[in-house]
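J.: So here's final.pdb (PDB, C-alpha atoms, pLDDT in the B column).
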MODEL        1
ATOM      1  CA  MET A   1      -2.738 -21.103  -7.851  1.00 51.00           C
ATOM      2  CA  THR A   2      -5.476 -18.796  -6.585  1.00 58.00           C
ATOM      3  CA  LEU A   3      -7.140 -16.217  -8.805  1.00 55.00           C
ATOM      4  CA  THR A   4      -5.237 -13.445  -7.013  1.00 63.00           C
ATOM      5  CA  GLU A   5      -1.940 -15.225  -7.638  1.00 64.00           C
ATOM      6  CA  SER A   6      -2.997 -15.784 -11.246  1.00 75.00           C
ATOM      7  CA  SER A   7      -3.646 -12.049 -11.690  1.00 83.00           C
ATOM      8  CA  GLU A   8      -0.275 -11.215 -10.154  1.00 88.00           C
ATOM      9  CA  ALA A   9       1.462 -13.625 -12.534  1.00 85.00           C
ATOM     10  CA  ARG A  10      -0.317 -12.063 -15.503  1.00 86.00           C
ATOM     11  CA  VAL A  11       0.718  -8.583 -14.390  1.00 92.00           C
ATOM     12  CA  ARG A  12       4.349  -9.721 -14.058  1.00 91.00           C
ATOM     13  CA  LEU A  13       4.315 -11.066 -17.608  1.00 87.00           C
ATOM     14  CA  ALA A  14       2.655  -7.900 -18.919  1.00 90.00           C
ATOM     15  CA  VAL A  15       5.275  -5.714 -17.204  1.00 94.00           C
ATOM     16  CA  GLN A  16       8.128  -7.749 -18.675  1.00 89.00           C
ATOM     17  CA  THR A  17       6.504  -7.716 -22.108  1.00 88.00           C
ATOM     18  CA  LEU A  18       5.734  -3.997 -21.949  1.00 92.00           C
ATOM     19  CA  ARG A  19       9.358  -2.994 -21.483  1.00 92.00           C
ATOM     20  CA  ARG A  20      10.280  -4.853 -24.677  1.00 88.00           C
ATOM     21  CA  THR A  21       7.317  -3.881 -26.853  1.00 86.00           C
ATOM     22  CA  ALA A  22       7.368  -0.232 -25.790  1.00 90.00           C
ATOM     23  CA  ARG A  23      11.172  -0.103 -25.933  1.00 91.00           C
ATOM     24  CA  VAL A  24      11.394   1.811 -22.692  1.00 96.00           C
ATOM     25  CA  PRO A  25      14.032   1.490 -19.959  1.00 97.00           C
ATOM     26  CA  LEU A  26      11.512   0.908 -17.177  1.00 97.00           C
ATOM     27  CA  SER A  27       8.156  -0.752 -16.645  1.00 97.00           C
ATOM     28  CA  PHE A  28       6.363  -1.800 -13.489  1.00 98.00           C
ATOM     29  CA  GLY A  29       2.910  -2.539 -12.121  1.00 97.00           C
ATOM     30  CA  GLY A  30       0.787  -4.386  -9.626  1.00 97.00           C
ATOM     31  CA  VAL A  31      -2.628  -5.605  -8.551  1.00 96.00           C
ATOM     32  CA  VAL A  32      -5.212  -3.318  -6.935  1.00 96.00           C
ATOM     33  CA  THR A  33      -6.814  -4.647  -3.756  1.00 94.00           C
ATOM     34  CA  ALA A  34      -9.401  -2.712  -1.735  1.00 93.00           C
ATOM     35  CA  GLY A  35      -8.559   0.431  -3.660  1.00 92.00           C
ATOM     36  CA  THR A  36      -4.805   0.228  -3.024  1.00 96.00           C
ATOM     37  CA  LEU A  37      -2.290  -0.562  -5.741  1.00 97.00           C
ATOM     38  CA  ARG A  38       0.773  -2.497  -4.615  1.00 97.00           C
ATOM     39  CA  ILE A  39       3.765  -2.447  -6.962  1.00 97.00           C
ATOM     40  CA  ASP A  40       5.179  -5.970  -7.057  1.00 94.00           C
ATOM     41  CA  SER A  41       6.348  -6.333 -10.668  1.00 95.00           C
ATOM     42  CA  LEU A  42       9.431  -4.486 -11.927  1.00 96.00           C
ATOM     43  CA  SER A  43      11.485  -4.559 -15.118  1.00 96.00           C
ATOM     44  CA  GLY A  44      14.492  -2.290 -15.574  1.00 97.00           C
ATOM     45  CA  ALA A  45      14.367  -0.663 -12.129  1.00 96.00           C
ATOM     46  CA  SER A  46      17.706   0.731 -10.977  1.00 96.00           C
ATOM     47  CA  THR A  47      16.722   0.705  -7.276  1.00 96.00           C
ATOM     48  CA  LEU A  48      14.465  -1.386  -5.045  1.00 94.00           C
ATOM     49  CA  MET A  49      12.433   1.616  -3.930  1.00 97.00           C
ATOM     50  CA  LEU A  50       9.434   0.736  -6.111  1.00 97.00           C
ATOM     51  CA  ALA A  51       9.259  -2.868  -4.889  1.00 96.00           C
ATOM     52  CA  GLY A  52       6.277  -3.355  -2.600  1.00 96.00           C
ATOM     53  CA  LEU A  53       5.245   0.306  -2.827  1.00 97.00           C
ATOM     54  CA  ALA A  54       1.618   0.892  -1.754  1.00 97.00           C
ATOM     55  CA  VAL A  55      -0.159   3.480  -3.913  1.00 97.00           C
ATOM     56  CA  HIS A  56      -3.454   4.638  -2.480  1.00 96.00           C
ATOM     57  CA  ALA A  57      -6.310   5.798  -4.698  1.00 94.00           C
ATOM     58  CA  GLY A  58      -5.624   9.351  -5.862  1.00 94.00           C
ATOM     59  CA  ALA A  59      -1.922   9.303  -4.962  1.00 96.00           C
ATOM     60  CA  GLY A  60       0.603  10.000  -7.731  1.00 95.00           C
ATOM     61  CA  LEU A  61       0.022   8.997 -11.321  1.00 96.00           C
ATOM     62  CA  GLY A  62      -1.111   5.422 -10.645  1.00 97.00           C
ATOM     63  CA  GLY A  63      -3.492   6.545  -7.932  1.00 96.00           C
ATOM     64  CA  ARG A  64      -5.064   8.976 -10.374  1.00 96.00           C
ATOM     65  CA  ALA A  65      -5.514   6.148 -12.894  1.00 96.00           C
ATOM     66  CA  VAL A  66      -7.253   4.093 -10.199  1.00 96.00           C
ATOM     67  CA  ILE A  67      -9.664   6.940  -9.416  1.00 96.00           C
ATOM     68  CA  THR A  68     -10.463   7.939 -13.010  1.00 95.00           C
ATOM     69  CA  ARG A  69     -10.219   4.423 -14.511  1.00 94.00           C
ATOM     70  CA  ARG A  70      -8.409   6.072 -17.427  1.00 94.00           C
ATOM     71  CA  PRO A  71      -4.757   6.146 -18.557  1.00 95.00           C
ATOM     72  CA  ALA A  72      -2.700   8.912 -16.963  1.00 95.00           C
ATOM     73  CA  LEU A  73       0.393  10.398 -18.633  1.00 95.00           C
ATOM     74  CA  VAL A  74       2.937  13.020 -17.584  1.00 96.00           C
ATOM     75  CA  ASP A  75       5.991  14.227 -19.466  1.00 94.00           C
ATOM     76  CA  ARG A  76       8.085  15.845 -16.732  1.00 94.00           C
ATOM     77  CA  TYR A  77       6.852  13.997 -13.653  1.00 96.00           C
ATOM     78  CA  LEU A  78       8.663  16.085 -11.046  1.00 95.00           C
ATOM     79  CA  LEU A  79       7.339  19.316 -12.567  1.00 95.00           C
ATOM     80  CA  SER A  80       3.770  18.182 -13.205  1.00 93.00           C
ATOM     81  CA  SER A  81       1.029  20.162 -11.480  1.00 92.00           C
ATOM     82  CA  GLY A  82      -1.642  17.596 -12.317  1.00 88.00           C
ATOM     83  CA  ILE A  83      -0.648  14.931  -9.785  1.00 93.00           C
ATOM     84  CA  SER A  84       0.263  14.668  -6.126  1.00 93.00           C
ATOM     85  CA  HIS A  85       3.957  14.300  -5.369  1.00 95.00           C
ATOM     86  CA  GLU A  86       4.341  11.935  -2.414  1.00 95.00           C
ATOM     87  CA  PHE A  87       6.555   9.628  -4.499  1.00 97.00           C
ATOM     88  CA  ASP A  88       8.946  12.271  -5.868  1.00 97.00           C
ATOM     89  CA  HIS A  89      11.917  10.827  -3.964  1.00 97.00           C
ATOM     90  CA  ILE A  90      11.438   7.500  -5.758  1.00 97.00           C
ATOM     91  CA  ILE A  91      10.915   9.154  -9.135  1.00 97.00           C
ATOM     92  CA  ALA A  92      14.124  11.145  -8.627  1.00 97.00           C
ATOM     93  CA  ALA A  93      16.078   8.067  -7.523  1.00 97.00           C
ATOM     94  CA  GLU A  94      14.948   6.183 -10.646  1.00 97.00           C
ATOM     95  CA  ASP A  95      15.644   9.261 -12.819  1.00 96.00           C
ATOM     96  CA  ILE A  96      12.156   8.977 -14.343  1.00 97.00           C
ATOM     97  CA  ARG A  97      11.100  11.723 -16.735  1.00 96.00           C
ATOM     98  CA  SER A  98       7.986  10.586 -18.605  1.00 97.00           C
ATOM     99  CA  LEU A  99       5.541   8.048 -17.188  1.00 97.00           C
ATOM    100  CA  VAL A 100       2.249   6.514 -18.260  1.00 97.00           C
ATOM    101  CA  ALA A 101      -0.022   4.538 -15.920  1.00 97.00           C
ATOM    102  CA  VAL A 102      -2.743   2.416 -17.541  1.00 96.00           C
ATOM    103  CA  PRO A 103      -5.506   0.839 -15.432  1.00 96.00           C
ATOM    104  CA  VAL A 104      -6.738  -2.692 -16.059  1.00 96.00           C
ATOM    105  CA  VAL A 105     -10.501  -2.390 -15.669  1.00 94.00           C
ATOM    106  CA  VAL A 106     -12.711  -5.457 -15.303  1.00 92.00           C
ATOM    107  CA  ARG A 107     -16.442  -5.037 -14.682  1.00 88.00           C
ATOM    108  CA  ARG A 108     -15.942  -1.340 -13.984  1.00 90.00           C
ATOM    109  CA  ARG A 109     -13.388  -2.043 -11.253  1.00 94.00           C
ATOM    110  CA  VAL A 110      -9.666  -1.339 -11.555  1.00 96.00           C
ATOM    111  CA  ARG A 111      -7.886  -4.637 -10.957  1.00 96.00           C
ATOM    112  CA  ALA A 112      -4.308  -3.633 -11.757  1.00 96.00           C
ATOM    113  CA  VAL A 113      -2.170  -0.818 -13.144  1.00 97.00           C
ATOM    114  CA  ILE A 114       0.827  -1.089 -15.467  1.00 97.00           C
ATOM    115  CA  TYR A 115       3.377   1.650 -16.071  1.00 98.00           C
ATOM    116  CA  ALA A 116       5.960   2.498 -18.731  1.00 97.00           C
ATOM    117  CA  GLY A 117       8.607   5.137 -18.095  1.00 97.00           C
ATOM    118  CA  THR A 118      11.572   6.901 -19.640  1.00 97.00           C
ATOM    119  CA  ARG A 119      14.706   8.396 -18.113  1.00 96.00           C
ATOM    120  CA  GLY A 120      16.893  11.405 -18.770  1.00 91.00           C
ATOM    121  CA  ASP A 121      15.658  13.656 -21.555  1.00 91.00           C
ATOM    122  CA  ARG A 122      13.704  10.968 -23.433  1.00 93.00           C
ATOM    123  CA  THR A 123       9.921  11.318 -23.710  1.00 92.00           C
ATOM    124  CA  LEU A 124       7.315   8.606 -24.218  1.00 93.00           C
ATOM    125  CA  GLY A 125       6.270   8.070 -27.814  1.00 90.00           C
ATOM    126  CA  GLU A 126       3.126   6.701 -29.407  1.00 88.00           C
ATOM    127  CA  ARG A 127       4.617   3.203 -29.499  1.00 86.00           C
ATOM    128  CA  ALA A 128       5.059   3.098 -25.728  1.00 91.00           C
ATOM    129  CA  PHE A 129       1.601   4.496 -25.051  1.00 92.00           C
ATOM    130  CA  GLY A 130      -0.036   2.134 -27.543  1.00 89.00           C
ATOM    131  CA  SER A 131       1.830  -0.888 -26.159  1.00 88.00           C
ATOM    132  CA  ALA A 132       0.679  -0.084 -22.627  1.00 92.00           C
ATOM    133  CA  LEU A 133      -2.940   0.249 -23.781  1.00 91.00           C
ATOM    134  CA  ASP A 134      -2.810  -3.004 -25.768  1.00 86.00           C
ATOM    135  CA  LEU A 135      -1.313  -4.973 -22.893  1.00 88.00           C
ATOM    136  CA  ALA A 136      -3.853  -3.572 -20.445  1.00 91.00           C
ATOM    137  CA  ARG A 137      -6.665  -4.684 -22.744  1.00 88.00           C
ATOM    138  CA  ASP A 138      -5.085  -8.138 -23.009  1.00 84.00           C
ATOM    139  CA  LEU A 139      -4.878  -8.312 -19.215  1.00 88.00           C
ATOM    140  CA  GLU A 140      -8.528  -7.364 -18.888  1.00 88.00           C
ATOM    141  CA  GLN A 141      -9.571 -10.161 -21.224  1.00 82.00           C
ATOM    142  CA  ASP A 142      -7.275 -12.695 -19.569  1.00 81.00           C
ATOM    143  CA  ILE A 143      -8.635 -11.907 -16.095  1.00 82.00           C
ATOM    144  CA  VAL A 144     -12.229 -12.188 -17.302  1.00 80.00           C
ATOM    145  CA  LEU A 145     -11.537 -15.546 -18.965  1.00 73.00           C
ATOM    146  CA  ALA A 146      -9.803 -16.891 -15.857  1.00 72.00           C
ATOM    147  CA  GLU A 147     -12.605 -15.846 -13.544  1.00 74.00           C
ATOM    148  CA  GLU A 148     -15.379 -17.095 -15.801  1.00 68.00           C
ATOM    149  CA  SER A 149     -13.792 -20.528 -16.261  1.00 60.00           C
ATOM    150  CA  VAL A 150     -12.992 -21.261 -12.607  1.00 52.00           C
ATOM    151  CA  PRO A 151     -15.359 -21.468  -9.605  1.00 49.00           C
ATOM    152  CA  THR A 152     -14.152 -18.949  -7.023  1.00 42.00           C
ATOM    153  CA  ASP A 153     -14.860 -21.251  -4.037  1.00 44.00           C
ATOM    154  CA  ARG A 154     -12.238 -23.870  -4.894  1.00 40.00           C
ATOM    155  CA  PRO A 155      -8.718 -23.887  -6.382  1.00 37.00           C
ATOM    156  CA  ARG A 156      -8.081 -24.772  -9.985  1.00 36.00           C
ATOM    157  CA  SER A 157      -7.236 -28.436 -10.511  1.00 34.00           C
ATOM    158  CA  LEU A 158      -5.459 -27.639 -13.757  1.00 31.00           C
ATOM    159  CA  PRO A 159      -4.743 -24.115 -15.014  1.00 40.00           C
ATOM    160  CA  GLN A 160      -6.517 -23.496 -18.289  1.00 42.00           C
ATOM    161  CA  GLU A 161      -3.355 -22.015 -19.778  1.00 38.00           C
ATOM    162  CA  LEU A 162      -1.564 -25.369 -19.373  1.00 40.00           C
ATOM    163  CA  ARG A 163      -4.100 -27.263 -21.474  1.00 40.00           C
ATOM    164  CA  VAL A 164      -1.974 -26.781 -24.542  1.00 39.00           C
ATOM    165  CA  CYS A 165      -1.681 -28.178 -28.013  1.00 41.00           C
ATOM    166  CA  VAL A 166      -5.137 -29.745 -27.962  1.00 39.00           C
ATOM    167  CA  ASP A 167      -5.240 -29.585 -31.741  1.00 47.00           C
ATOM    168  CA  GLY A 168      -1.673 -30.733 -32.325  1.00 67.00           C
ATOM    169  CA  PRO A 169       1.877 -29.535 -31.615  1.00 81.00           C
ATOM    170  CA  LEU A 170       3.081 -26.127 -32.694  1.00 86.00           C
ATOM    171  CA  SER A 171       4.908 -26.095 -35.996  1.00 85.00           C
ATOM    172  CA  VAL A 172       8.456 -24.789 -36.299  1.00 85.00           C
ATOM    173  CA  ARG A 173       7.210 -21.597 -37.933  1.00 87.00           C
ATOM    174  CA  GLU A 174       4.538 -21.074 -35.274  1.00 89.00           C
ATOM    175  CA  LEU A 175       7.227 -21.395 -32.606  1.00 89.00           C
ATOM    176  CA  ASP A 176       9.468 -18.971 -34.517  1.00 89.00           C
ATOM    177  CA  VAL A 177       6.681 -16.400 -34.650  1.00 91.00           C
ATOM    178  CA  LEU A 178       5.692 -16.877 -31.006  1.00 90.00           C
ATOM    179  CA  THR A 179       9.315 -16.634 -29.877  1.00 89.00           C
ATOM    180  CA  LEU A 180       9.785 -13.284 -31.617  1.00 89.00           C
ATOM    181  CA  VAL A 181       6.456 -12.035 -30.270  1.00 87.00           C
ATOM    182  CA  SER A 182       7.586 -12.983 -26.755  1.00 85.00           C
ATOM    183  CA  LEU A 183      10.665 -10.791 -27.288  1.00 82.00           C
ATOM    184  CA  GLY A 184       8.451  -7.804 -28.011  1.00 78.00           C
ATOM    185  CA  SER A 185       8.485  -7.818 -31.813  1.00 82.00           C
ATOM    186  CA  THR A 186       5.532  -6.442 -33.729  1.00 83.00           C
ATOM    187  CA  ASN A 187       3.949  -8.459 -36.545  1.00 86.00           C
ATOM    188  CA  ALA A 188       5.775  -6.283 -39.073  1.00 87.00           C
ATOM    189  CA  GLU A 189       9.101  -6.869 -37.326  1.00 87.00           C
ATOM    190  CA  VAL A 190       8.465 -10.620 -37.175  1.00 90.00           C
ATOM    191  CA  ALA A 191       7.672 -10.586 -40.889  1.00 90.00           C
ATOM    192  CA  THR A 192      10.941  -8.822 -41.672  1.00 90.00           C
ATOM    193  CA  GLU A 193      12.983 -11.132 -39.440  1.00 89.00           C
ATOM    194  CA  LEU A 194      11.471 -14.328 -40.871  1.00 89.00           C
ATOM    195  CA  ARG A 195      11.099 -12.984 -44.423  1.00 88.00           C
ATOM    196  CA  LEU A 196       7.373 -13.566 -44.429  1.00 88.00           C
ATOM    197  CA  SER A 197       4.434 -11.357 -45.282  1.00 89.00           C
ATOM    198  CA  PRO A 198       2.617  -9.681 -42.390  1.00 87.00           C
ATOM    199  CA  GLU A 199      -0.529 -11.630 -43.266  1.00 89.00           C
ATOM    200  CA  THR A 200       1.393 -14.909 -43.066  1.00 89.00           C
ATOM    201  CA  VAL A 201       2.705 -13.929 -39.663  1.00 90.00           C
ATOM    202  CA  LYS A 202      -0.831 -13.196 -38.492  1.00 89.00           C
ATOM    203  CA  SER A 203      -1.929 -16.597 -39.778  1.00 90.00           C
ATOM    204  CA  TYR A 204       0.839 -18.416 -37.892  1.00 90.00           C
ATOM    205  CA  LEU A 205       0.061 -16.445 -34.751  1.00 91.00           C
ATOM    206  CA  ARG A 206      -3.674 -17.172 -34.950  1.00 90.00           C
ATOM    207  CA  SER A 207      -2.928 -20.859 -35.433  1.00 91.00           C
ATOM    208  CA  ALA A 208      -0.574 -20.935 -32.451  1.00 91.00           C
ATOM    209  CA  MET A 209      -3.132 -19.130 -30.286  1.00 91.00           C
ATOM    210  CA  ARG A 210      -5.830 -21.617 -31.296  1.00 90.00           C
ATOM    211  CA  LYS A 211      -3.627 -24.612 -30.451  1.00 90.00           C
ATOM    212  CA  LEU A 212      -2.683 -23.058 -27.120  1.00 90.00           C
ATOM    213  CA  GLY A 213      -6.289 -22.278 -26.256  1.00 89.00           C
ATOM    214  CA  SER A 214      -5.408 -18.580 -25.988  1.00 88.00           C
ATOM    215  CA  ARG A 215      -7.392 -15.548 -27.058  1.00 84.00           C
ATOM    216  CA  THR A 216      -4.660 -12.909 -26.803  1.00 84.00           C
ATOM    217  CA  ARG A 217      -0.989 -12.639 -27.731  1.00 83.00           C
ATOM    218  CA  LEU A 218      -0.067 -12.149 -24.092  1.00 82.00           C
ATOM    219  CA  GLN A 219      -1.955 -15.235 -23.003  1.00 84.00           C
ATOM    220  CA  ALA A 220      -0.364 -17.288 -25.793  1.00 88.00           C
ATOM    221  CA  VAL A 221       3.162 -16.294 -24.727  1.00 87.00           C
ATOM    222  CA  SER A 222       2.380 -17.050 -21.086  1.00 84.00           C
ATOM    223  CA  THR A 223       0.860 -20.421 -21.942  1.00 86.00           C
ATOM    224  CA  ALA A 224       3.722 -21.457 -24.207  1.00 87.00           C
ATOM    225  CA  ARG A 225       6.334 -20.398 -21.662  1.00 85.00           C
ATOM    226  CA  ARG A 226       4.678 -22.244 -18.789  1.00 82.00           C
ATOM    227  CA  ALA A 227       4.340 -25.344 -20.968  1.00 84.00           C
ATOM    228  CA  GLY A 228       8.076 -25.265 -21.698  1.00 84.00           C
ATOM    229  CA  LEU A 229       7.649 -24.339 -25.370  1.00 86.00           C
ATOM    230  CA  LEU A 230       9.471 -21.035 -24.858  1.00 83.00           C
ATOM    231  CA  PRO A 231      12.417 -20.233 -22.570  1.00 72.00           C
ATOM    232  CA  ASP A 232      11.652 -18.619 -19.231  1.00 66.00           C
ATOM    233  CA  ASP A 233      11.763 -14.819 -19.312  1.00 59.00           C
ATOM    234  CA  GLN A 234      14.914 -13.322 -17.835  1.00 47.00           C
TER     235      GLN A 234
ENDMDL
END
Please re-express this file's structure in structure tokens.
T.:
Amino acid sequence: MTLTESSEARVRLAVQTLRRTARVPLSFGGVVTAGTLRIDSLSGASTLMLAGLAVHAGAGLGGRAVITRRPALVDRYLLSSGISHEFDHIIAAEDIRSLVAVPVVVRRRVRAVIYAGTRGDRTLGERAFGSALDLARDLEQDIVLAEESVPTDRPRSLPQELRVCVDGPLSVRELDVLTLVSLGSTNAEVATELRLSPETVKSYLRSAMRKLGSRTRLQAVSTARRAGLLPDDQ
């Protein structure tokens, strides 16, 4: 797997995770190459119009995020005066109302953008916005770790994320916690589901991340899933 393919895989996982954690009907995203964002990860799309869409710097909401390197948010997309509207036909077809686009910035360069959107009369809440920001930060760290650990002039002989369980197998409780996290549950929700304290949940999660050689929740879920410790995402 090349570094570009690795970034694309991380964006796909982040998009799938974002829809669950933000509890929104739609999420999507893609990698930025030579200033152009290409949407290649979708979750909850009702059409195929977003698939493969090229978003040039400055175009629409995602293009604005690429230019400013800051999150961009609109409530009523089709009525917004703060963005260009070349993608209105797609927004209308997907019945998108509110949309946030969050750039993934590594070494001052936007490497990807992830989106969360609502439909109908529903607006984006703080949970959705916060989830998008958290996942973007996780992506930034994951990309940095991947690039720092692998020489760019040759392929990886063994992906770092598959070097799992170096300190022993995951316990049943660690797997329980990681499974619920992979479904988009917060630490508080995991604690309620498993009848544990939030601090205990954090402890199990930290232990699982250490054993998996992961530094973020997103990376831990990806590593565990690829190692067959969690079911493949559907």
J.: Can you measure CA of Tyr204 in chain A to CA of Glu174 in chain A for me? One decimal in Å is fine.
T.: 5.3 Å
J.: Separation of CA of Leu61 in chain A and CA of Asp142 in chain A, in Å?
T.: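 Distance between the two atoms: 24.3 Å.
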J.: Quick one: residues within 12 Å of Ala208 in chain A, all atoms listed in the file counted, chain neighbours fewer than 5 positions away excluded, as a PyMOL selection string?
T.: chain A and resi 164-179+181+201-203+213-217+219-221+223-224+229
J.: Which residue out of A:Glu189, A:Asp75, A:Glu147, A:Glu86 has the minimum interatomic distance to Ala116 in chain A when all atoms listed in the file are used?
T.: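 Closest candidate: A:Asp75.
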J.: What is the CA of Leu133 in chain A to CA of Ala22 in chain A distance in Å?
T.: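 CA of Ala22 in chain A lies 10.5 Å from CA of Leu133 in chain A.
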J.: Produce the centre coordinates and the three edge lengths, each in Å to one decimal, of the box along x, y and z that contains all listed atoms of range 86-97 of chain A with 3 Å added on each side, as AutoDock Vina command-line options.
T.:
--center_x 10.2 --center_y 9.2 --center_z -9.6 --size_x 17.7 --size_y 12.1 --size_z 20.3
J.: Which residues are close to Ala14 in chain A, i.e. within 12 Å by only C-alpha atoms, leaving aside same-chain residues fewer than 6 positions away? Reply as a PyMOL selection string.
T.: chain A and resi 7-8+20-22+27-31+41-43+102+104+112-116+131-140+142+182-184+216-219+221-222+233
J.: Can you write out the residues you just picked, keeping C-alpha atoms, as an mmCIF file, in the coordinates of the input?
T.:
data_model
loop_
_atom_site.group_PDB
_atom_site.id
_atom_site.type_symbol
_atom_site.label_atom_id
_atom_site.label_comp_id
_atom_site.auth_asym_id
_atom_site.auth_seq_id
_atom_site.Cartn_x
_atom_site.Cartn_y
_atom_site.Cartn_z
ATOM 1 C CA SER A 7 -3.646 -12.049 -11.690
ATOM 2 C CA GLU A 8 -0.275 -11.215 -10.154
ATOM 3 C CA ARG A 20 10.280 -4.853 -24.677
ATOM 4 C CA THR A 21 7.317 -3.881 -26.853
ATOM 5 C CA ALA A 22 7.368 -0.232 -25.790
ATOM 6 C CA SER A 27 8.156 -0.752 -16.645
ATOM 7 C CA PHE A 28 6.363 -1.800 -13.489
ATOM 8 C CA GLY A 29 2.910 -2.539 -12.121
ATOM 9 C CA GLY A 30 0.787 -4.386 -9.626
ATOM 10 C CA VAL A 31 -2.628 -5.605 -8.551
ATOM 11 C CA SER A 41 6.348 -6.333 -10.668
ATOM 12 C CA LEU A 42 9.431 -4.486 -11.927
ATOM 13 C CA SER A 43 11.485 -4.559 -15.118
ATOM 14 C CA VAL A 102 -2.743 2.416 -17.541
ATOM 15 C CA VAL A 104 -6.738 -2.692 -16.059
ATOM 16 C CA ALA A 112 -4.308 -3.633 -11.757
ATOM 17 C CA VAL A 113 -2.170 -0.818 -13.144
ATOM 18 C CA ILE A 114 0.827 -1.089 -15.467
ATOM 19 C CA TYR A 115 3.377 1.650 -16.071
ATOM 20 C CA ALA A 116 5.960 2.498 -18.731
ATOM 21 C CA SER A 131 1.830 -0.888 -26.159
ATOM 22 C CA ALA A 132 0.679 -0.084 -22.627
ATOM 23 C CA LEU A 133 -2.940 0.249 -23.781
ATOM 24 C CA ASP A 134 -2.810 -3.004 -25.768
ATOM 25 C CA LEU A 135 -1.313 -4.973 -22.893
ATOM 26 C CA ALA A 136 -3.853 -3.572 -20.445
ATOM 27 C CA ARG A 137 -6.665 -4.684 -22.744
ATOM 28 C CA ASP A 138 -5.085 -8.138 -23.009
ATOM 29 C CA LEU A 139 -4.878 -8.312 -19.215
ATOM 30 C CA GLU A 140 -8.528 -7.364 -18.888
ATOM 31 C CA ASP A 142 -7.275 -12.695 -19.569
ATOM 32 C CA SER A 182 7.586 -12.983 -26.755
ATOM 33 C CA LEU A 183 10.665 -10.791 -27.288
ATOM 34 C CA GLY A 184 8.451 -7.804 -28.011
ATOM 35 C CA THR A 216 -4.660 -12.909 -26.803
ATOM 36 C CA ARG A 217 -0.989 -12.639 -27.731
ATOM 37 C CA LEU A 218 -0.067 -12.149 -24.092
ATOM 38 C CA GLN A 219 -1.955 -15.235 -23.003
ATOM 39 C CA VAL A 221 3.162 -16.294 -24.727
ATOM 40 C CA SER A 222 2.380 -17.050 -21.086
ATOM 41 C CA ASP A 233 11.763 -14.819 -19.312
#
J.: Name the residues in contact with Arg97 in chain A at a cut-off of 7 Å, using only C-alpha atoms, excluding same-chain residues fewer than 6 positions from it; report them as a PDB file with C-alpha atoms, in the frame of the given file.
T.:
ATOM      1  CA  ASP A  75       5.991  14.227 -19.466  1.00 94.00           C
ATOM      2  CA  ARG A  76       8.085  15.845 -16.732  1.00 94.00           C
ATOM      3  CA  TYR A  77       6.852  13.997 -13.653  1.00 96.00           C
ATOM      4  CA  THR A 118      11.572   6.901 -19.640  1.00 97.00           C
ATOM      5  CA  ARG A 119      14.706   8.396 -18.113  1.00 96.00           C
ATOM      6  CA  GLY A 120      16.893  11.405 -18.770  1.00 91.00           C
ATOM      7  CA  ASP A 121      15.658  13.656 -21.555  1.00 91.00           C
TER       8      ASP A 121
END
J.: Looking at A:Gln141, A:Thr186, A:Thr192, A:Thr36, which one is nearest to Ala65 in chain A, with distances taken over all atoms listed in the file?
T.: A:Thr36
J.: Considering all atoms listed in the file, state which residue in the set A:Ala227, A:Arg70, A:Ala101, A:Phe87 is at the smallest distance from Val15 in chain A.
T.: A:Ala101
J.: Under the PyMOL selection byres ((chain A and resi 106) around 9), which residues of this model are included? Write them out as a PyMOL selection string.
T.: chain A and resi 104-105+107-111+140-141+143-144
